[in-house]
>>> print(open('data_17.cif').read())   # mmCIF, C-alpha atoms
data_query
#
loop_
_atom_site.label_atom_id
_atom_site.label_comp_id
_atom_site.auth_asym_id
_atom_site.auth_seq_id
_atom_site.Cartn_x
_atom_site.Cartn_y
_atom_site.Cartn_z
CA MET Z 1 -16.52 -19.88 9.84
CA ILE Z 2 -14.25 -22.65 11.07
CA LEU Z 3 -10.91 -22.19 9.37
CA ALA Z 4 -8.70 -25.07 8.42
CA ARG Z 5 -5.35 -25.46 10.13
CA SER Z 6 -2.38 -23.69 8.54
CA PHE Z 7 0.79 -25.30 7.32
CA LEU Z 8 4.21 -24.11 6.30
CA PHE Z 9 6.06 -25.25 3.18
CA LEU Z 10 9.82 -24.76 3.27
CA ALA Z 11 11.97 -25.81 0.32
CA VAL Z 12 15.54 -26.08 1.68
CA SER Z 13 16.28 -22.47 2.70
CA LEU Z 14 13.50 -21.03 0.55
CA ALA Z 15 11.36 -18.95 2.85
CA LEU Z 16 7.85 -19.88 1.75
CA THR Z 17 5.23 -19.27 4.41
CA SER Z 18 1.92 -20.97 3.58
CA CYS Z 19 -1.52 -20.93 5.12
CA GLN Z 20 -4.88 -22.44 4.27
CA MET Z 21 -7.90 -20.60 5.69
CA ALA Z 22 -5.82 -20.16 8.84
CA PRO Z 23 -6.49 -17.78 11.72
CA THR Z 24 -3.11 -18.50 13.31
CA PRO Z 25 -0.54 -19.53 10.68
CA GLN Z 26 2.37 -21.54 11.98
CA MET Z 27 5.51 -19.62 11.05
CA TYR Z 28 9.03 -20.97 11.04
CA PRO Z 29 11.14 -18.08 9.73
CA ALA Z 30 14.25 -18.82 7.74
CA ALA Z 31 17.56 -17.75 9.19
CA GLN Z 32 18.07 -14.00 8.95
CA GLY Z 33 21.17 -12.24 7.72
CA GLY Z 34 23.15 -12.60 4.55
CA PRO Z 35 22.75 -10.41 1.49
CA PHE Z 36 19.50 -8.59 0.92
CA MET Z 37 17.29 -10.31 -1.66
CA LEU Z 38 13.79 -9.58 -2.94
CA GLY Z 39 11.24 -12.38 -3.05
CA ILE Z 40 11.57 -12.56 -6.84
CA ASP Z 41 15.35 -12.88 -6.60
CA PHE Z 42 15.17 -15.60 -3.98
CA LEU Z 43 12.66 -17.57 -6.04
CA ALA Z 44 14.87 -17.17 -9.10
CA SER Z 45 17.85 -18.47 -7.10
CA ARG Z 46 15.78 -21.63 -6.56
CA ASN Z 47 15.14 -21.87 -10.31
CA PHE Z 48 11.45 -21.06 -9.72
CA ASP Z 49 10.90 -24.52 -8.25
CA LEU Z 50 7.63 -23.45 -6.59
CA LEU Z 51 6.14 -22.73 -10.02
CA ARG Z 52 7.61 -25.53 -12.11
CA GLY Z 53 5.05 -27.57 -14.04
CA LYS Z 54 2.27 -25.07 -13.38
CA ARG Z 55 0.54 -22.55 -15.61
CA VAL Z 56 1.35 -19.16 -14.11
CA GLY Z 57 -0.45 -15.81 -14.13
CA LEU Z 58 1.41 -12.74 -12.86
CA ILE Z 59 -0.01 -9.57 -11.31
CA THR Z 60 2.65 -7.09 -12.31
CA ASN Z 61 3.61 -3.60 -13.40
CA HIS Z 62 6.66 -1.39 -13.92
CA THR Z 63 7.69 -1.74 -10.25
CA SER Z 64 8.00 -5.51 -10.63
CA MET Z 65 11.76 -5.50 -11.06
CA THR Z 66 14.51 -7.76 -9.79
CA GLY Z 67 17.31 -6.35 -7.69
CA ARG Z 68 19.40 -6.21 -10.86
CA GLY Z 69 16.82 -4.12 -12.68
CA GLU Z 70 15.18 -6.77 -14.89
CA ARG Z 71 11.42 -6.98 -15.30
CA THR Z 72 9.90 -9.82 -13.30
CA ARG Z 73 7.76 -10.85 -16.27
CA VAL Z 74 10.82 -11.10 -18.53
CA VAL Z 75 12.79 -13.17 -16.00
CA MET Z 76 9.84 -15.47 -15.41
CA GLN Z 77 9.12 -15.91 -19.10
CA ARG Z 78 12.77 -16.77 -19.72
CA ALA Z 79 12.66 -19.38 -16.94
CA LEU Z 80 9.15 -20.78 -17.43
CA GLY Z 81 8.62 -20.31 -21.16
CA PRO Z 82 5.03 -20.88 -22.28
CA MET Z 83 4.00 -21.80 -18.73
CA LEU Z 84 3.79 -18.07 -18.01
CA THR Z 85 0.42 -17.66 -19.64
CA ALA Z 86 -1.14 -14.35 -18.54
CA LEU Z 87 -0.43 -10.97 -16.98
CA TYR Z 88 -2.69 -8.77 -14.84
CA ALA Z 89 -2.26 -5.02 -14.29
CA PRO Z 90 -3.50 -2.89 -11.35
CA GLU Z 91 -4.39 0.81 -11.18
CA HIS Z 92 -2.02 2.98 -13.25
CA GLY Z 93 -1.46 0.13 -15.74
CA ILE Z 94 1.50 -2.11 -16.43
CA ASP Z 95 3.70 0.90 -17.23
CA GLY Z 96 2.53 3.03 -14.31
CA THR Z 97 1.65 6.01 -16.47
CA ILE Z 98 -2.16 6.09 -16.19
CA GLY Z 99 -3.51 8.69 -13.74
CA ALA Z 100 -5.24 7.92 -10.46
CA GLY Z 101 -8.80 6.63 -10.78
CA ILE Z 102 -8.64 6.20 -14.58
CA HIS Z 103 -9.69 2.81 -15.96
CA VAL Z 104 -7.00 0.53 -17.38
CA SER Z 105 -7.70 -1.40 -20.59
CA THR Z 106 -6.97 -5.07 -21.25
CA ARG Z 107 -4.35 -5.27 -23.99
CA ARG Z 108 -1.39 -7.18 -25.40
CA ASP Z 109 2.00 -6.74 -23.74
CA SER Z 110 4.62 -5.53 -26.22
CA VAL Z 111 7.39 -7.00 -24.05
CA THR Z 112 6.20 -10.60 -23.58
CA GLY Z 113 3.40 -10.89 -26.12
CA LEU Z 114 1.00 -12.01 -23.38
CA THR Z 115 -2.46 -10.64 -22.67
CA ILE Z 116 -2.51 -8.09 -19.84
CA TYR Z 117 -5.87 -8.39 -18.12
CA SER Z 118 -6.99 -5.17 -16.45
CA LEU Z 119 -7.70 -5.27 -12.72
CA TYR Z 120 -8.73 -1.64 -12.71
CA GLY Z 121 -11.49 -1.42 -15.27
CA PRO Z 122 -14.95 -3.03 -15.52
CA THR Z 123 -13.75 -5.42 -12.80
CA ARG Z 124 -11.12 -5.11 -10.11
CA LYS Z 125 -11.35 -8.75 -9.13
CA PRO Z 126 -10.08 -11.37 -11.58
CA THR Z 127 -13.00 -13.17 -13.23
CA PRO Z 128 -13.19 -16.94 -13.73
CA GLN Z 129 -12.52 -16.36 -17.43
CA MET Z 130 -9.34 -14.42 -16.62
CA LEU Z 131 -8.11 -17.26 -14.41
CA ALA Z 132 -9.19 -20.19 -16.57
CA GLY Z 133 -5.78 -20.70 -18.16
CA ILE Z 134 -3.66 -20.69 -15.00
CA ASP Z 135 -2.94 -22.90 -12.00
CA VAL Z 136 -1.22 -20.32 -9.81
CA LEU Z 137 -1.61 -16.56 -9.52
CA VAL Z 138 1.55 -14.67 -8.53
CA PHE Z 139 1.52 -11.17 -7.01
CA ASP Z 140 4.60 -8.98 -7.43
CA LEU Z 141 3.92 -5.25 -6.94
CA GLN Z 142 5.80 -2.66 -4.92
CA ASP Z 143 3.45 -1.23 -2.30
CA ILE Z 144 3.98 2.00 -0.35
CA GLY Z 145 2.65 1.02 3.08
CA SER Z 146 -0.65 2.94 3.25
CA ARG Z 147 -4.13 1.38 3.43
CA SER Z 148 -5.51 3.78 0.83
CA TYR Z 149 -3.03 2.78 -1.90
CA THR Z 150 -4.84 0.34 -4.18
CA TYR Z 151 -2.15 -2.27 -4.84
CA ILE Z 152 -2.95 -4.06 -1.58
CA SER Z 153 -6.66 -3.90 -2.42
CA THR Z 154 -5.82 -5.59 -5.71
CA MET Z 155 -3.97 -8.30 -3.80
CA ALA Z 156 -6.87 -8.93 -1.42
CA VAL Z 157 -9.55 -9.33 -4.09
CA ALA Z 158 -7.20 -11.41 -6.25
CA MET Z 159 -6.57 -13.74 -3.31
CA GLU Z 160 -10.31 -14.19 -2.93
CA ALA Z 161 -10.73 -14.86 -6.66
CA ALA Z 162 -7.91 -17.41 -6.57
CA ALA Z 163 -9.61 -19.27 -3.72
CA GLU Z 164 -13.00 -19.22 -5.44
CA ASN Z 165 -11.48 -20.67 -8.60
CA GLY Z 166 -9.21 -23.25 -6.97
CA LYS Z 167 -5.96 -21.48 -7.80
CA GLN Z 168 -2.82 -21.27 -5.71
CA PHE Z 169 -1.74 -17.72 -4.74
CA VAL Z 170 1.90 -16.69 -4.37
CA VAL Z 171 3.22 -13.37 -3.07
CA LEU Z 172 6.77 -12.37 -4.02
CA ASP Z 173 7.54 -10.15 -1.07
CA ARG Z 174 9.02 -6.64 -1.24
CA PRO Z 175 10.02 -4.04 1.36
CA ASN Z 176 7.68 -1.62 3.01
CA PRO Z 177 9.51 1.60 2.02
CA MET Z 178 8.60 3.26 5.34
CA GLY Z 179 9.94 0.32 7.37
CA GLY Z 180 8.10 -2.15 9.54
CA TRP Z 181 7.49 -0.26 12.77
CA ARG Z 182 5.32 2.68 11.69
CA VAL Z 183 1.68 2.00 12.70
CA GLU Z 184 -0.58 5.04 12.56
CA GLY Z 185 -4.03 6.27 11.85
CA PRO Z 186 -7.71 5.50 12.20
CA PRO Z 187 -9.53 2.19 11.77
CA LEU Z 188 -11.65 1.36 8.74
CA GLU Z 189 -15.34 1.12 9.54
CA PRO Z 190 -17.08 -1.74 7.66
CA ARG Z 191 -19.55 0.54 5.86
CA TRP Z 192 -16.64 2.46 4.29
CA LYS Z 193 -14.84 -0.57 2.92
CA SER Z 194 -13.86 0.23 -0.67
CA PHE Z 195 -11.00 -0.13 -3.11
CA VAL Z 196 -9.13 2.63 -1.25
CA GLY Z 197 -9.69 0.75 1.98
CA GLN Z 198 -10.18 -2.96 1.38
CA ILE Z 199 -8.80 -4.49 4.57
CA PRO Z 200 -9.31 -3.21 8.17
CA VAL Z 201 -5.79 -2.12 9.01
CA PRO Z 202 -4.64 1.32 10.22
CA TYR Z 203 -3.98 4.00 7.62
CA VAL Z 204 -0.29 3.08 7.99
CA HIS Z 205 0.19 -0.58 8.87
CA GLY Z 206 3.96 -1.19 8.91
CA MET Z 207 3.69 -4.54 7.10
CA THR Z 208 4.92 -6.02 3.85
CA ALA Z 209 2.57 -7.32 1.16
CA GLY Z 210 3.42 -10.88 2.16
CA GLU Z 211 2.62 -10.23 5.80
CA LEU Z 212 -0.65 -8.53 4.86
CA ALA Z 213 -1.56 -11.52 2.70
CA MET Z 214 -0.98 -13.82 5.68
CA MET Z 215 -3.09 -11.61 7.93
CA THR Z 216 -5.85 -11.17 5.36
CA ALA Z 217 -6.18 -14.93 5.00
CA GLY Z 218 -5.73 -15.67 8.68
CA ARG Z 219 -8.20 -13.09 9.98
CA GLY Z 220 -10.92 -13.98 7.50
CA TRP Z 221 -10.96 -10.56 5.81
CA ILE Z 222 -11.87 -12.23 2.53
CA SER Z 223 -14.74 -14.64 2.11
CA ARG Z 224 -12.47 -17.51 1.23
CA ALA Z 225 -8.68 -17.88 1.50
CA PRO Z 226 -6.53 -19.55 -1.17
CA ARG Z 227 -3.62 -21.92 -0.87
CA LEU Z 228 -1.11 -19.19 -0.07
CA ASN Z 229 2.66 -19.07 -0.35
CA VAL Z 230 4.76 -16.04 0.55
CA VAL Z 231 8.27 -16.00 -0.87
CA LYS Z 232 10.12 -14.01 1.74
CA MET Z 233 12.84 -11.48 1.22
CA GLN Z 234 16.23 -12.31 2.68
CA GLY Z 235 18.17 -9.90 4.85
CA TRP Z 236 15.30 -7.45 5.47
CA ASN Z 237 14.28 -6.31 8.93
CA ARG Z 238 11.64 -3.95 10.28
CA SER Z 239 14.08 -1.14 11.00
CA MET Z 240 15.05 -0.84 7.34
CA VAL Z 241 13.61 1.98 5.25
CA TRP Z 242 13.95 1.97 1.47
CA GLN Z 243 17.33 3.71 1.50
CA ASP Z 244 18.79 0.79 3.47
CA THR Z 245 17.99 -1.79 0.78
CA GLY Z 246 20.34 -0.47 -1.89
CA LEU Z 247 17.54 -0.84 -4.42
CA ARG Z 248 16.63 1.69 -7.07
CA TRP Z 249 13.21 3.28 -6.51
CA TYR Z 250 10.77 2.94 -9.41
CA ARG Z 251 7.94 5.49 -9.44
CA THR Z 252 5.05 3.36 -8.17
CA SER Z 253 2.48 5.73 -9.71
CA PRO Z 254 2.67 9.15 -11.36
CA ASN Z 255 2.59 11.03 -8.04
CA ILE Z 256 4.93 8.73 -6.07
CA PRO Z 257 8.20 9.56 -7.87
CA HIS Z 258 10.71 9.30 -5.01
CA ALA Z 259 11.63 6.74 -2.35
CA THR Z 260 10.49 9.29 0.24
CA SER Z 261 7.17 9.96 -1.51
CA PRO Z 262 5.24 7.42 0.61
CA LEU Z 263 6.01 9.52 3.70
CA TYR Z 264 4.62 12.64 2.04
CA TYR Z 265 1.61 10.66 0.79
CA VAL Z 266 0.78 9.79 4.40
CA ALA Z 267 1.40 13.35 5.63
CA THR Z 268 -1.03 15.05 3.21
CA GLY Z 269 -3.08 12.36 1.45
CA ILE Z 270 -6.14 12.74 3.68
CA LEU Z 271 -6.21 16.54 3.64
CA GLY Z 272 -5.74 16.37 -0.14
CA GLY Z 273 -9.32 15.14 -0.37
CA ALA Z 274 -10.70 18.41 1.01
CA ALA Z 275 -11.76 21.45 -1.04
CA ALA Z 276 -9.61 24.35 -2.26
CA VAL Z 277 -6.39 22.79 -0.98
CA ASP Z 278 -2.92 22.38 -2.46
CA ILE Z 279 -0.73 19.37 -1.66
CA GLY Z 280 1.80 19.87 -4.42
CA ILE Z 281 0.41 17.62 -7.15
CA GLY Z 282 2.19 18.68 -10.34
CA THR Z 283 5.29 19.91 -8.51
CA GLU Z 284 8.71 18.32 -8.03
CA ASN Z 285 7.44 16.77 -4.78
CA PRO Z 286 3.81 15.64 -4.98
CA PHE Z 287 2.13 15.50 -1.55
CA GLY Z 288 4.92 17.72 -0.20
CA TYR Z 289 2.79 20.83 0.37
CA ALA Z 290 -0.08 21.71 2.70
CA GLY Z 291 -1.93 24.85 1.72
CA ALA Z 292 -5.37 26.24 1.03
CA SER Z 293 -6.97 29.13 -0.76
CA GLY Z 294 -6.63 32.41 1.11
CA VAL Z 295 -4.52 31.01 3.96
CA ASN Z 296 -1.73 33.12 5.45
CA PRO Z 297 1.47 31.08 5.07
CA GLN Z 298 3.12 32.53 8.18
CA ALA Z 299 0.12 31.61 10.31
CA MET Z 300 0.19 28.07 8.94
CA LEU Z 301 3.93 27.85 9.55
CA ALA Z 302 3.55 28.93 13.17
CA ALA Z 303 0.84 26.32 13.73
CA CYS Z 304 2.90 23.50 12.19
CA GLN Z 305 5.95 24.39 14.26
CA ARG Z 306 3.83 24.04 17.39
CA PHE Z 307 2.95 20.46 16.46
CA GLY Z 308 6.45 19.28 17.43
CA MET Z 309 6.82 16.71 14.66
CA SER Z 310 10.25 15.06 15.01
CA GLY Z 311 12.04 14.70 11.68
CA VAL Z 312 9.69 17.08 9.82
CA SER Z 313 10.49 20.71 9.00
CA PHE Z 314 8.30 23.35 7.38
CA SER Z 315 8.82 26.44 5.26
CA PRO Z 316 6.16 28.94 4.14
CA TYR Z 317 4.98 29.22 0.55
CA SER Z 318 2.43 31.22 -1.40
CA LYS Z 319 1.33 30.81 -5.02
CA ASN Z 320 -1.77 31.45 -7.11
CA GLY Z 321 -3.80 32.57 -4.12
CA PHE Z 322 -2.90 29.51 -2.03
CA GLY Z 323 -0.86 29.78 1.14
CA GLY Z 324 0.61 27.19 3.45
CA VAL Z 325 3.77 25.22 4.13
CA ARG Z 326 6.22 23.11 2.21
CA LEU Z 327 7.23 19.94 4.08
CA SER Z 328 10.63 18.30 4.41
CA ILE Z 329 10.47 14.81 5.92
CA HIS Z 330 13.54 12.82 6.93
CA PRO Z 331 13.36 9.13 5.81
CA ARG Z 332 13.62 8.10 9.47
CA ALA Z 333 11.28 10.76 10.87
CA GLN Z 334 9.78 9.66 14.19
CA ALA Z 335 6.74 11.89 13.79
CA ASP Z 336 3.26 10.40 13.52
CA LEU Z 337 2.67 11.47 9.91
CA THR Z 338 -1.01 10.51 9.83
CA ALA Z 339 -1.53 12.66 12.91
CA LEU Z 340 0.28 15.48 11.11
CA ASP Z 341 -2.10 15.05 8.16
CA VAL Z 342 -5.16 15.50 10.36
CA LEU Z 343 -3.63 18.32 12.41
CA MET Z 344 -2.76 20.26 9.25
CA LEU Z 345 -6.23 19.64 7.85
CA GLY Z 346 -7.79 21.03 11.00
CA GLU Z 347 -5.54 24.08 10.92
CA LEU Z 348 -6.15 24.80 7.23
CA ASN Z 349 -9.87 24.53 7.82
CA ARG Z 350 -9.61 27.01 10.69
CA LEU Z 351 -7.41 29.47 8.79
CA SER Z 352 -9.69 29.32 5.74
CA GLY Z 353 -12.75 30.12 7.81
CA GLY Z 354 -14.16 26.61 7.41
CA LYS Z 355 -14.02 26.59 3.62
CA VAL Z 356 -11.68 23.61 3.35
CA LEU Z 357 -14.32 21.25 4.70
CA GLY Z 358 -17.40 23.36 4.11
CA LYS Z 359 -17.11 23.14 0.34
CA VAL Z 360 -16.59 19.36 0.13
CA SER Z 361 -19.68 17.60 -1.14
CA GLY Z 362 -21.05 14.78 -3.28
CA SER Z 363 -18.68 12.17 -4.66
CA LYS Z 364 -15.64 14.02 -3.34
CA LEU Z 365 -16.97 13.86 0.20
CA ASN Z 366 -17.77 10.18 -0.26
CA LEU Z 367 -14.18 9.52 -1.35
CA PHE Z 368 -12.89 11.59 1.58
CA HIS Z 369 -14.77 9.31 3.99
CA LYS Z 370 -13.52 6.17 2.20
CA VAL Z 371 -9.89 7.27 2.39
CA TYR Z 372 -10.13 8.15 6.08
CA GLY Z 373 -12.23 5.08 6.83
CA SER Z 374 -15.25 6.76 8.40
CA GLU Z 375 -17.34 9.94 8.51
CA SER Z 376 -16.02 10.82 11.94
CA LEU Z 377 -13.14 13.07 10.86
CA TYR Z 378 -15.36 15.30 8.77
CA ASN Z 379 -18.15 15.40 11.35
CA ASN Z 380 -15.85 16.02 14.30
CA LEU Z 381 -13.86 18.81 12.66
CA LYS Z 382 -17.08 20.46 11.48
CA ARG Z 383 -18.36 20.35 15.08
CA GLY Z 384 -15.16 21.96 16.35
CA VAL Z 385 -13.60 18.90 17.98
CA PRO Z 386 -9.83 19.60 18.27
CA ALA Z 387 -7.75 17.58 15.79
CA SER Z 388 -5.46 16.54 18.66
CA ARG Z 389 -8.41 14.83 20.37
CA ILE Z 390 -9.31 13.01 17.14
CA VAL Z 391 -5.74 11.74 16.84
CA ALA Z 392 -5.72 10.58 20.47
CA GLY Z 393 -8.75 8.43 19.69
CA TRP Z 394 -6.66 6.15 17.44
CA ARG Z 395 -4.15 5.14 20.09
CA GLY Z 396 -6.01 2.13 21.47
CA PHE Z 397 -6.76 0.77 18.02
CA ASN Z 398 -3.14 1.13 16.93
CA GLN Z 399 -1.92 -0.69 20.02
CA SER Z 400 -4.41 -3.53 19.49
CA PHE Z 401 -3.37 -3.83 15.86
CA ARG Z 402 0.31 -4.10 16.80
CA SER Z 403 -0.62 -7.01 19.03
CA ASP Z 404 -2.95 -8.65 16.50
CA ARG Z 405 -0.43 -8.48 13.65
CA GLN Z 406 2.39 -10.06 15.65
CA GLN Z 407 1.70 -13.67 14.65
CA TYR Z 408 1.76 -12.74 10.95
CA LEU Z 409 5.08 -10.89 10.94
CA LEU Z 410 7.72 -12.64 8.85
CA TYR Z 411 10.68 -10.41 9.69
CA PRO Z 412 12.31 -9.34 12.95
#
>>> encode(input="data_17.cif", output="structure tokens")
Amino acid sequence: MILARSFLFLAVSLALTSCQMAPTPQMYPAAQGGPFMLGIDFLASRNFDLLRGKRVGLITNHTSMTGRGERTRVVMQRALGPMLTALYAPEHGIDGTIGAGIHVSTRRDSVTGLTIYSLYGPTRKPTPQMLAGIDVLVFDLQDIGSRSYTYISTMAVAMEAAAENGKQFVVLDRPNPMGGWRVEGPPLEPRWKSFVGQIPVPYVHGMTAGELAMMTAGRGWISRAPRLNVVKMQGWNRSMVWQDTGLRWYRTSPNIPHATSPLYYVATGILGGAAAVDIGIGTENPFGYAGASGVNPQAMLAACQRFGMSGVSFSPYSKNGFGGVRLSIHPRAQADLTALDVLMLGELNRLSGGKVLGKVSGSKLNLFHKVYGSESLYNNLKRGVPASRIVAGWRGFNQSFRSDRQQYLLYP
């Protein structure tokens, strides 16, 4: 497909990066520095001029908050009045209380009175009927920085729907809570593309939602790209983790309660798809454990200490027949956390006598492959390939991705 040339729309100092079907968007970043501001706050400081005179739909949930702690949908309704016409909710619903994988229902919002169309029910892509009453579709969700978290999948299919229906698409950018430098993990093979792996980035991509939107449009990862605007944050840089922003963390989903939870999600999310394992779901720190049925915790501790993961410490635990380690991850840990995930999976499988992988089957095995991005992890570990060799196989892909993403980065 020949893609049309990109263009950039800048309104005074408003950092709006735009592209139309563009493989190489032209980017003219706004001056850096000054106080930190979310995309929603910067747009509000411009009196929502990008949206004035247009009928607006908003993809939103409980994480869609301004820096002052007001709901995005409330602030936008106050500014735009009846021109805010519809809301759309992703997995976990507009309040973030619905469990993983459970369908969300379309309903009326008690806060704004608007219809909340479900993007995690019979359809995950907005239908023409859902978009009929709007001119522009705005995306404002807090992502966690992992390919397998579905908010970015929602963004990608919504971008495609906006293009197919002639709607403008706007991303109100937010921080990557793990910062902008962490790039880790395996590629996504095309046959395993799914809603837990919608775009072919590494398991950890080190990009913001706005940057991913630019790359998704520019690389042709959706069948058709919309008129796209990204409202940049101000004062954010790639070295900043969540704790540097001064923002309050809102639980992005039931099992991501803390600002550090995304790190733990990366460290155990893949192994959590195996059989007879414990990653701490239901505890004070979901994803903060790595154990399996019948495993000796001291043996697992010794193995994890040999991994040499900078910024990660381990302590043994045993409960209800499960043994393993409890993790403690520093917000600025330098360790490759996706590598740690696979290394711990391999060790738990060994210590359990092969039961961790041997008992995975059916739909659970299918989901395991989708999350990882291929069948190779399962097949290689079952064949006895060392986990360290599997991890080493990602290095070239990660380096290529760092190079490929460079032109789409909006922050230094």
>>> resolve_selection(input="data_17.cif", expression="the PyMOL selection byres ((chain Z and resi 155) around 10)", output="PyMOL selection string")
chain Z and resi 59+90+125+138-141+150-154+156-161+169+171+198+209-210+212-213+216
>>> write_last_selection(input="data_17.cif", atoms="C-alpha atoms", output="short mmCIF file (atom, residue, chain, number, x, y, z; two decimals), keeping the file's coordinate frame")
data_model
loop_
_atom_site.label_atom_id
_atom_site.label_comp_id
_atom_site.auth_asym_id
_atom_site.auth_seq_id
_atom_site.Cartn_x
_atom_site.Cartn_y
_atom_site.Cartn_z
CA ILE Z 59 -0.01 -9.57 -11.31
CA PRO Z 90 -3.50 -2.89 -11.35
CA LYS Z 125 -11.35 -8.75 -9.13
CA VAL Z 138 1.55 -14.67 -8.53
CA PHE Z 139 1.52 -11.17 -7.01
CA ASP Z 140 4.60 -8.98 -7.43
CA LEU Z 141 3.92 -5.25 -6.94
CA THR Z 150 -4.84 0.34 -4.18
CA TYR Z 151 -2.15 -2.27 -4.84
CA ILE Z 152 -2.95 -4.06 -1.58
CA SER Z 153 -6.66 -3.90 -2.42
CA THR Z 154 -5.82 -5.59 -5.71
CA ALA Z 156 -6.87 -8.93 -1.42
CA VAL Z 157 -9.55 -9.33 -4.09
CA ALA Z 158 -7.20 -11.41 -6.25
CA MET Z 159 -6.57 -13.74 -3.31
CA GLU Z 160 -10.31 -14.19 -2.93
CA ALA Z 161 -10.73 -14.86 -6.66
CA PHE Z 169 -1.74 -17.72 -4.74
CA VAL Z 171 3.22 -13.37 -3.07
CA GLN Z 198 -10.18 -2.96 1.38
CA ALA Z 209 2.57 -7.32 1.16
CA GLY Z 210 3.42 -10.88 2.16
CA LEU Z 212 -0.65 -8.53 4.86
CA ALA Z 213 -1.56 -11.52 2.70
CA THR Z 216 -5.85 -11.17 5.36
#
>>> closest_residue(input="data_17.cif", among="Z:Asn349, Z:Thr60, Z:Thr97, Z:Asn165", to="Gln129 of chain Z", atoms="all atoms listed in the file")
Z:Asn165
>>> closest_atom_pairs(input="data_17.cif", of="segment 177-196 of chain Z", to="segment 398-412 of chain Z", cutoff="10 Å", atoms="only C-alpha atoms", output="tab-separated table")
residue	atom	partner	partner_atom	distance
Z:Gly180	CA	Z:Tyr411	CA	8.7
Z:Trp181	CA	Z:Arg402	CA	9.1
Z:Arg182	CA	Z:Arg402	CA	9.9
Z:Val183	CA	Z:Asn398	CA	6.5
Z:Glu184	CA	Z:Asn398	CA	6.4
Z:Gly185	CA	Z:Asn398	CA	7.3
Z:Pro186	CA	Z:Asn398	CA	7.9
Z:Pro187	CA	Z:Asn398	CA	8.3
>>> atom_distance(input="data_17.cif", atom1="atom CA of Lys370 of chain Z", atom2="atom CA of Val295 of chain Z")
26.5 Å
>>> axis_aligned_box(input="data_17.cif", around="segment 72-91 of chain Z", padding_each_side="8 Å", output="lines of an AutoDock Vina configuration file")
center_x = 4.2
center_y = -10.5
center_z = -16.7
size_x = 33.2
size_y = 38.6
size_z = 27.1
>>> residues_near_point(input="data_17.cif", point="(6.9, -5.6, -10.6)", cutoff="12 Å", atoms="all atoms listed in the file", output="MDAnalysis selection string")
chainID Z and resid 38:41 58:67 69:76 87:90 93:96 138:143 151 171:174 249:252
>>> resolve_selection(input="data_17.cif", expression="the PyMOL selection byres ((chain Z and resi 57) around 6)", output="PyMOL selection string")
chain Z and resi 56+58+85-87+134+137
>>> write_last_selection(input="data_17.cif", atoms="C-alpha atoms", output="compact mmCIF listing (two decimals), keeping the file's coordinate frame")
# COMPACT_ATOMS: atom_id res chain seq x y z
CA VAL Z 56 1.35 -19.16 -14.11
CA LEU Z 58 1.41 -12.74 -12.86
CA THR Z 85 0.42 -17.66 -19.64
CA ALA Z 86 -1.14 -14.35 -18.54
CA LEU Z 87 -0.43 -10.97 -16.98
CA ILE Z 134 -3.66 -20.69 -15.00
CA LEU Z 137 -1.61 -16.56 -9.52
>>> resolve_selection(input="data_17.cif", expression="the PyMOL selection byres ((chain Z and resi 36) around 7)", output="ChimeraX atom specification")
/Z:34-35,37-38,234-236,245
>>> atom_distance(input="data_17.cif", atom1="atom CA of Arg326 of chain Z", atom2="atom CA of His369 of chain Z")
25.2 Å
>>> residues_near_point(input="data_17.cif", point="(-3.7, 1.7, 0.9)", cutoff="10 Å", atoms="all atoms listed in the file", output="list in words")
Asp143, Ile144, Gly145, Ser146, Arg147, Ser148, Tyr149, Thr150, Tyr151, Ile152, Ser153, Phe195, Val196, Gly197, Gln198, Ile199, Val201, Pro202, Tyr203, Val204, His205, Val266 and Val371 of chain Z
>>> closest_residue(input="data_17.cif", among="Z:Arg191, Z:Val170, Z:Arg55, Z:Ile116", to="Leu43 of chain Z", atoms="all atoms listed in the file")
Z:Val170
>>> closest_residue(input="data_17.cif", among="Z:Leu228, Z:Val241, Z:Leu51, Z:Val356", to="Ala290 of chain Z", atoms="only C-alpha atoms")
Z:Val356
>>> residues_around(input="data_17.cif", residues="Asn366 of chain Z", least_positions_apart="2", cutoff="12 Å", atoms="only C-alpha atoms", output="ChimeraX atom specification")
/Z:191-194,196,273-274,360-364,368-375,378
>>> atom_distance(input="data_17.cif", atom1="atom CA of Phe48 of chain Z", atom2="atom CA of Gly166 of chain Z")
21.0 Å
